[in-house]
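Trainee: Pasting in a structure now, in structure tokens, and then I'll have a few things to ask.
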Amino acid sequence: MRIALVTPARPGARSGNRHTALRWAAMLRAAGHAVTVAQQWRLDARTDLMLALHARRSHASMRAFHAAHPGRPLLLALTGTDVYRDIRHSPEARASLAMAHGFIVLQPEALRELPRRLRAKASVVVQSSATRLRHAPPKRRFRFCVIGHLREEKDPLRALAALALLPRGLPLEVVQLGESLDAQLAREARAAMRSEPRYRWLGGLPHARALRWLAASHAMVISSRMEGGANVVSEAIRIGVPVFASRIPGNVGLLGADYPGYFAVENGRALAALMRRVMGDAGFYRELKRHVAALRPQVAPENEARMLLQAVKSVTR
């Protein structure tokens, strides 16, 4: 089958959407499909199926495909901003929902956000990681990493705010990775490096280098206000890195309701308490490690490939 995979993320981008698109394309090709990956769909009579990432930003491609081939299947993968914002407020996103024959969400909690009449058409595809890196944090200081672009939805400087609440004498550091998509957040991060020696913002790095930083950290902080199901959480689980996560559905859907490393959204004080506790409580750290290890099978590549192929099959019967 000829599949057009449309993603708004440009070639070479270090965004989660781009990594997802390329990983899914490889999985579909391994199953025998011919796959093209593009930001926009160009009229092509040979396309059998469209798989579009992002309801609002891929709407024009979906509309063009639906007009050209109204009887051919259209599968829509919903991102975090789709699920937790755009499908409620964006006319384009809502029109994309109406056109799609089936949906993909990245963790089970996202199903609750879909209109009830559409839930039966949705498949859960948990993102995977194939990295072979093992957890190997430094011994001399406790390293927390934050990985993700600097943009408002990520609340990216929450770990920095928590750091300011921790005693200067504690042997710790916060290492932040990710391109700036917000000039004000970039200014704040640069100013923080001048005044806070325990904080470093390294900017955008190639994926392989970001994974090495993740593996070389004691714990990862994901403080997002909204997430569809962050790939970096799957990567942390794969490597075995404990995660401190804002208690939002996108994180709970991946880590489980009973995971012990949550803090309230935008609550730097609660995050600081977790950071201080994990540094002084070896039992708590082992508990986090056990939870993460138990989740590792769900982020195996073969598990994601199986779920993805089932989602494609569901709209081609």
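Ligands are numbered from 1 in the order shown, residues from 1 within each chain, and chains are lettered A, B, ... in the order they appear in the structure tokens.
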Would you please give, as a PyMOL selection string, all residues of region 247-309 of chain A that DSSP assigns to helix (DSSP H, G or I) based on the backbone?
Mentor: chain A and resi 249-255+268-280+282-299+301-309
Trainee: Could the residues in this selection be written to a file with C-alpha atoms, as a tab-separated table (two decimals), in the first residue's frame?
Mentor:
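Writing done, so here's selection.tsv:
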chain	number	residue	atom	x	y	z
A	249	PRO	CA	-3.02	13.17	31.60
A	250	GLY	CA	-0.29	12.90	28.97
A	251	ASN	CA	2.27	11.93	31.61
A	252	VAL	CA	-0.07	9.79	33.70
A	253	GLY	CA	-1.08	7.84	30.59
A	254	LEU	CA	2.55	6.75	30.12
A	255	LEU	CA	3.80	6.42	33.69
A	268	GLY	CA	8.12	24.57	41.65
A	269	ARG	CA	8.01	24.07	45.39
A	270	ALA	CA	6.59	20.55	45.03
A	271	LEU	CA	9.22	19.74	42.40
A	272	ALA	CA	11.97	21.07	44.65
A	273	ALA	CA	10.73	18.82	47.46
A	274	LEU	CA	10.95	15.79	45.16
A	275	MET	CA	14.43	16.77	44.01
A	276	ARG	CA	15.66	17.16	47.56
A	277	ARG	CA	14.01	13.93	48.68
A	278	VAL	CA	15.50	11.82	45.90
A	279	MET	CA	18.99	13.07	46.70
A	280	GLY	CA	18.77	12.03	50.34
A	282	ALA	CA	18.10	5.98	48.50
A	283	GLY	CA	14.95	3.92	49.05
A	284	PHE	CA	12.83	6.46	47.19
A	285	TYR	CA	15.30	6.46	44.30
A	286	ARG	CA	15.21	2.67	44.10
A	287	GLU	CA	11.40	2.79	44.12
A	288	LEU	CA	11.40	5.18	41.14
A	289	LYS	CA	13.87	2.93	39.33
A	290	ARG	CA	11.65	-0.13	39.92
A	291	HIS	CA	8.59	1.63	38.51
A	292	VAL	CA	10.48	2.73	35.42
A	293	ALA	CA	11.94	-0.76	34.87
A	294	ALA	CA	8.46	-2.30	35.04
A	295	LEU	CA	7.28	0.03	32.25
A	296	ARG	CA	10.11	-0.84	29.85
A	297	PRO	CA	8.17	-3.49	27.82
A	298	GLN	CA	5.53	-0.93	26.81
A	299	VAL	CA	8.13	1.24	25.03
A	301	PRO	CA	9.82	-0.87	19.26
A	302	GLU	CA	8.05	-4.12	18.42
A	303	ASN	CA	5.16	-3.08	20.65
A	304	GLU	CA	4.80	0.29	18.91
A	305	ALA	CA	5.06	-1.32	15.45
A	306	ARG	CA	2.33	-3.82	16.32
A	307	MET	CA	-0.02	-1.08	17.54
A	308	LEU	CA	0.72	1.14	14.54
A	309	LEU	CA	0.00	-1.62	12.03
Trainee: What lies within 12 Å of Leu202 (chain A) using only C-alpha atoms, ignoring chain neighbours under 5 positions off, as JSON, numbers by chain?
Mentor: {"A": [145, 146, 147, 148, 149, 150, 174, 175, 176, 177, 178, 179, 180, 186, 189, 190, 193, 209, 210, 213]}
Trainee: Only N, CA and C atoms, please: the residues just picked out, written as a PDB file, in the first residue's frame.
Mentor:
ATOM      1  N   CYS A 145      18.097  16.382  34.344  1.00  0.00           N
ATOM      2  CA  CYS A 145      18.058  16.920  32.983  1.00  0.00           C
ATOM      3  C   CYS A 145      16.633  17.292  32.619  1.00  0.00           C
ATOM      4  N   VAL A 146      16.520  18.287  31.748  1.00  0.00           N
ATOM      5  CA  VAL A 146      15.242  18.724  31.183  1.00  0.00           C
ATOM      6  C   VAL A 146      15.438  18.721  29.670  1.00  0.00           C
ATOM      7  N   ILE A 147      14.618  17.961  28.945  1.00  0.00           N
ATOM      8  CA  ILE A 147      14.797  17.819  27.506  1.00  0.00           C
ATOM      9  C   ILE A 147      13.498  18.197  26.802  1.00  0.00           C
ATOM     10  N   GLY A 148      13.561  19.215  25.972  1.00  0.00           N
ATOM     11  CA  GLY A 148      12.384  19.675  25.239  1.00  0.00           C
ATOM     12  C   GLY A 148      12.573  21.119  24.836  1.00  0.00           C
ATOM     13  N   HIS A 149      11.953  21.502  23.741  1.00  0.00           N
ATOM     14  CA  HIS A 149      12.112  22.871  23.270  1.00  0.00           C
ATOM     15  C   HIS A 149      11.528  23.858  24.276  1.00  0.00           C
ATOM     16  N   LEU A 150      12.112  25.044  24.308  1.00  0.00           N
ATOM     17  CA  LEU A 150      11.631  26.089  25.199  1.00  0.00           C
ATOM     18  C   LEU A 150      10.402  26.745  24.565  1.00  0.00           C
ATOM     19  N   VAL A 174      21.287  21.180  37.191  1.00  0.00           N
ATOM     20  CA  VAL A 174      20.201  21.036  36.226  1.00  0.00           C
ATOM     21  C   VAL A 174      20.770  21.343  34.849  1.00  0.00           C
ATOM     22  N   VAL A 175      20.647  20.379  33.932  1.00  0.00           N
ATOM     23  CA  VAL A 175      21.108  20.545  32.559  1.00  0.00           C
ATOM     24  C   VAL A 175      19.887  20.560  31.658  1.00  0.00           C
ATOM     25  N   GLN A 176      19.720  21.648  30.909  1.00  0.00           N
ATOM     26  CA  GLN A 176      18.552  21.830  30.051  1.00  0.00           C
ATOM     27  C   GLN A 176      18.967  21.720  28.589  1.00  0.00           C
ATOM     28  N   LEU A 177      18.207  20.928  27.813  1.00  0.00           N
ATOM     29  CA  LEU A 177      18.466  20.737  26.385  1.00  0.00           C
ATOM     30  C   LEU A 177      17.211  21.097  25.613  1.00  0.00           C
ATOM     31  N   GLY A 178      17.392  21.746  24.471  1.00  0.00           N
ATOM     32  CA  GLY A 178      16.254  22.064  23.620  1.00  0.00           C
ATOM     33  C   GLY A 178      16.403  23.423  22.981  1.00  0.00           C
ATOM     34  N   GLU A 179      15.947  23.535  21.746  1.00  0.00           N
ATOM     35  CA  GLU A 179      15.976  24.814  21.047  1.00  0.00           C
ATOM     36  C   GLU A 179      14.974  25.780  21.666  1.00  0.00           C
ATOM     37  N   SER A 180      15.259  27.050  21.528  1.00  0.00           N
ATOM     38  CA  SER A 180      14.321  28.048  22.016  1.00  0.00           C
ATOM     39  C   SER A 180      13.306  28.386  20.938  1.00  0.00           C
ATOM     40  N   ALA A 186      14.242  32.153  26.250  1.00  0.00           N
ATOM     41  CA  ALA A 186      15.676  32.074  25.964  1.00  0.00           C
ATOM     42  C   ALA A 186      16.444  33.116  26.761  1.00  0.00           C
ATOM     43  N   ALA A 189      16.701  31.911  30.325  1.00  0.00           N
ATOM     44  CA  ALA A 189      17.652  30.814  30.483  1.00  0.00           C
ATOM     45  C   ALA A 189      19.084  31.321  30.435  1.00  0.00           C
ATOM     46  N   ARG A 190      19.374  32.244  29.513  1.00  0.00           N
ATOM     47  CA  ARG A 190      20.729  32.792  29.441  1.00  0.00           C
ATOM     48  C   ARG A 190      21.071  33.600  30.691  1.00  0.00           C
ATOM     49  N   MET A 193      21.994  31.322  33.603  1.00  0.00           N
ATOM     50  CA  MET A 193      23.347  30.756  33.568  1.00  0.00           C
ATOM     51  C   MET A 193      24.386  31.721  34.120  1.00  0.00           C
ATOM     52  N   ARG A 209      23.075  12.907  20.834  1.00  0.00           N
ATOM     53  CA  ARG A 209      23.734  13.579  21.965  1.00  0.00           C
ATOM     54  C   ARG A 209      22.756  13.837  23.103  1.00  0.00           C
ATOM     55  N   ALA A 210      21.524  14.195  22.769  1.00  0.00           N
ATOM     56  CA  ALA A 210      20.517  14.403  23.815  1.00  0.00           C
ATOM     57  C   ALA A 210      20.277  13.113  24.596  1.00  0.00           C
ATOM     58  N   TRP A 213      23.040  12.577  27.118  1.00  0.00           N
ATOM     59  CA  TRP A 213      22.826  13.395  28.310  1.00  0.00           C
ATOM     60  C   TRP A 213      21.741  12.782  29.206  1.00  0.00           C
TER      61      TRP A 213
END
Trainee: Report, in Å with one decimal, the straight-line distance from CA of Arg151 (chain A) to CA of Ala60 (chain A).
Mentor: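 Here the two named atoms are 24.4 Å from each other.
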Trainee: Just checking: using only C-alpha atoms, which residue out of A:Phe244, A:Trp24, A:Tyr259, A:Phe65 ends up closest to Gln127 (chain A)?
Mentor: A:Trp24
Trainee: Taking only C-alpha atoms into account, which of A:Leu75, A:Met1, A:Ala208, A:Val6 comes nearest Gly32 (chain A)?
Mentor: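 Ranked by minimum distance to Gly32 (chain A), first place goes to A:Met1.
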Trainee: Please identify the strand (DSSP E) residues within region 30-269 of chain A (assignment by DSSP from backbone atoms) and present them as a VMD selection string.
Mentor: chain A and resid 34 to 38 49 to 53 74 to 77 102 to 105 122 to 124 142 to 147 172 to 177 199 to 201 219 to 222 243 to 246 262 to 263
Trainee: Could you write those residues out with C-alpha atoms, as a tab-separated table (two decimals), in the first residue's frame?
Mentor:
chain	number	residue	atom	x	y	z
A	34	ALA	CA	5.68	2.31	0.37
A	35	VAL	CA	5.82	5.49	2.48
A	36	THR	CA	6.54	9.13	1.64
A	37	VAL	CA	7.11	11.68	4.42
A	38	ALA	CA	6.31	15.34	3.69
A	49	LEU	CA	-3.87	6.10	2.53
A	50	MET	CA	-2.89	9.27	4.34
A	51	LEU	CA	-1.48	9.21	7.87
A	52	ALA	CA	-1.45	12.79	9.15
A	53	LEU	CA	0.17	14.03	12.33
A	74	LEU	CA	-7.45	8.92	6.23
A	75	LEU	CA	-5.79	8.17	9.59
A	76	LEU	CA	-5.15	11.11	11.95
A	77	ALA	CA	-2.57	11.01	14.74
A	102	GLY	CA	-9.63	6.67	12.32
A	103	PHE	CA	-7.42	8.21	14.97
A	104	ILE	CA	-4.19	7.50	16.80
A	105	VAL	CA	-3.51	8.78	20.31
A	122	ALA	CA	-9.29	5.53	17.99
A	123	SER	CA	-6.19	3.38	18.52
A	124	VAL	CA	-3.52	3.86	21.20
A	142	PHE	CA	23.27	14.62	41.23
A	143	ARG	CA	22.24	15.62	37.72
A	144	PHE	CA	18.67	16.48	36.70
A	145	CYS	CA	18.06	16.92	32.98
A	146	VAL	CA	15.24	18.72	31.18
A	147	ILE	CA	14.80	17.82	27.51
A	172	LEU	CA	23.39	18.91	42.18
A	173	GLU	CA	22.97	20.47	38.75
A	174	VAL	CA	20.20	21.04	36.23
A	175	VAL	CA	21.11	20.54	32.56
A	176	GLN	CA	18.55	21.83	30.05
A	177	LEU	CA	18.47	20.74	26.39
A	199	TYR	CA	22.26	25.48	35.80
A	200	ARG	CA	23.26	24.97	32.15
A	201	TRP	CA	21.18	25.43	29.01
A	219	ALA	CA	16.64	11.85	36.84
A	220	MET	CA	14.69	13.69	34.16
A	221	VAL	CA	12.16	16.46	34.77
A	222	ILE	CA	9.18	16.91	32.43
A	243	VAL	CA	11.21	10.79	35.78
A	244	PHE	CA	9.75	13.65	37.77
A	245	ALA	CA	6.60	14.60	35.86
A	246	SER	CA	3.85	17.17	36.12
A	262	TYR	CA	4.53	13.36	40.14
A	263	PHE	CA	4.23	17.01	41.15
Trainee: From the options A:Arg10, A:Lys154, A:Lys139, A:Arg18, which residue's atoms come nearest to Ala216 (chain A), counting only C-alpha atoms?
Mentor: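 Nearest to Ala216 (chain A): A:Lys139.
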Trainee: What is the distance between CA of Ala93 (chain A) and CA of Ala55 (chain A), in Å to one decimal?
Mentor: 4.7 Å
Trainee: Mind giving me the straight-line distance from CA of Val125 (chain A) to CA of Met27 (chain A) in Å, one decimal?
Mentor: 12.5 Å
Trainee: If we count only C-alpha atoms and set the cut-off at 12 Å, which residues sit around Gly71 (chain A), ignoring sequence neighbours fewer than 3 positions away in its own chain? Please answer as a compact mmCIF listing (two decimals) with C-alpha atoms, in the first residue's frame.
Mentor:
# COMPACT_ATOMS: atom_id res chain seq x y z
CA THR A 47 -1.70 7.42 -2.66
CA ASP A 48 -3.80 4.71 -1.02
CA LEU A 49 -3.87 6.10 2.53
CA MET A 50 -2.89 9.27 4.34
CA PHE A 65 -6.53 14.35 0.07
CA HIS A 66 -10.16 13.98 1.09
CA ALA A 67 -11.29 16.09 -1.88
CA ALA A 68 -9.14 14.14 -4.34
CA LEU A 74 -7.45 8.92 6.23
CA MET A 99 -12.81 13.89 7.82
CA ALA A 100 -10.72 11.19 9.47
CA HIS A 101 -11.68 7.52 9.26
CA VAL A 315 -9.11 1.97 8.57
CA THR A 316 -8.43 -0.31 5.58
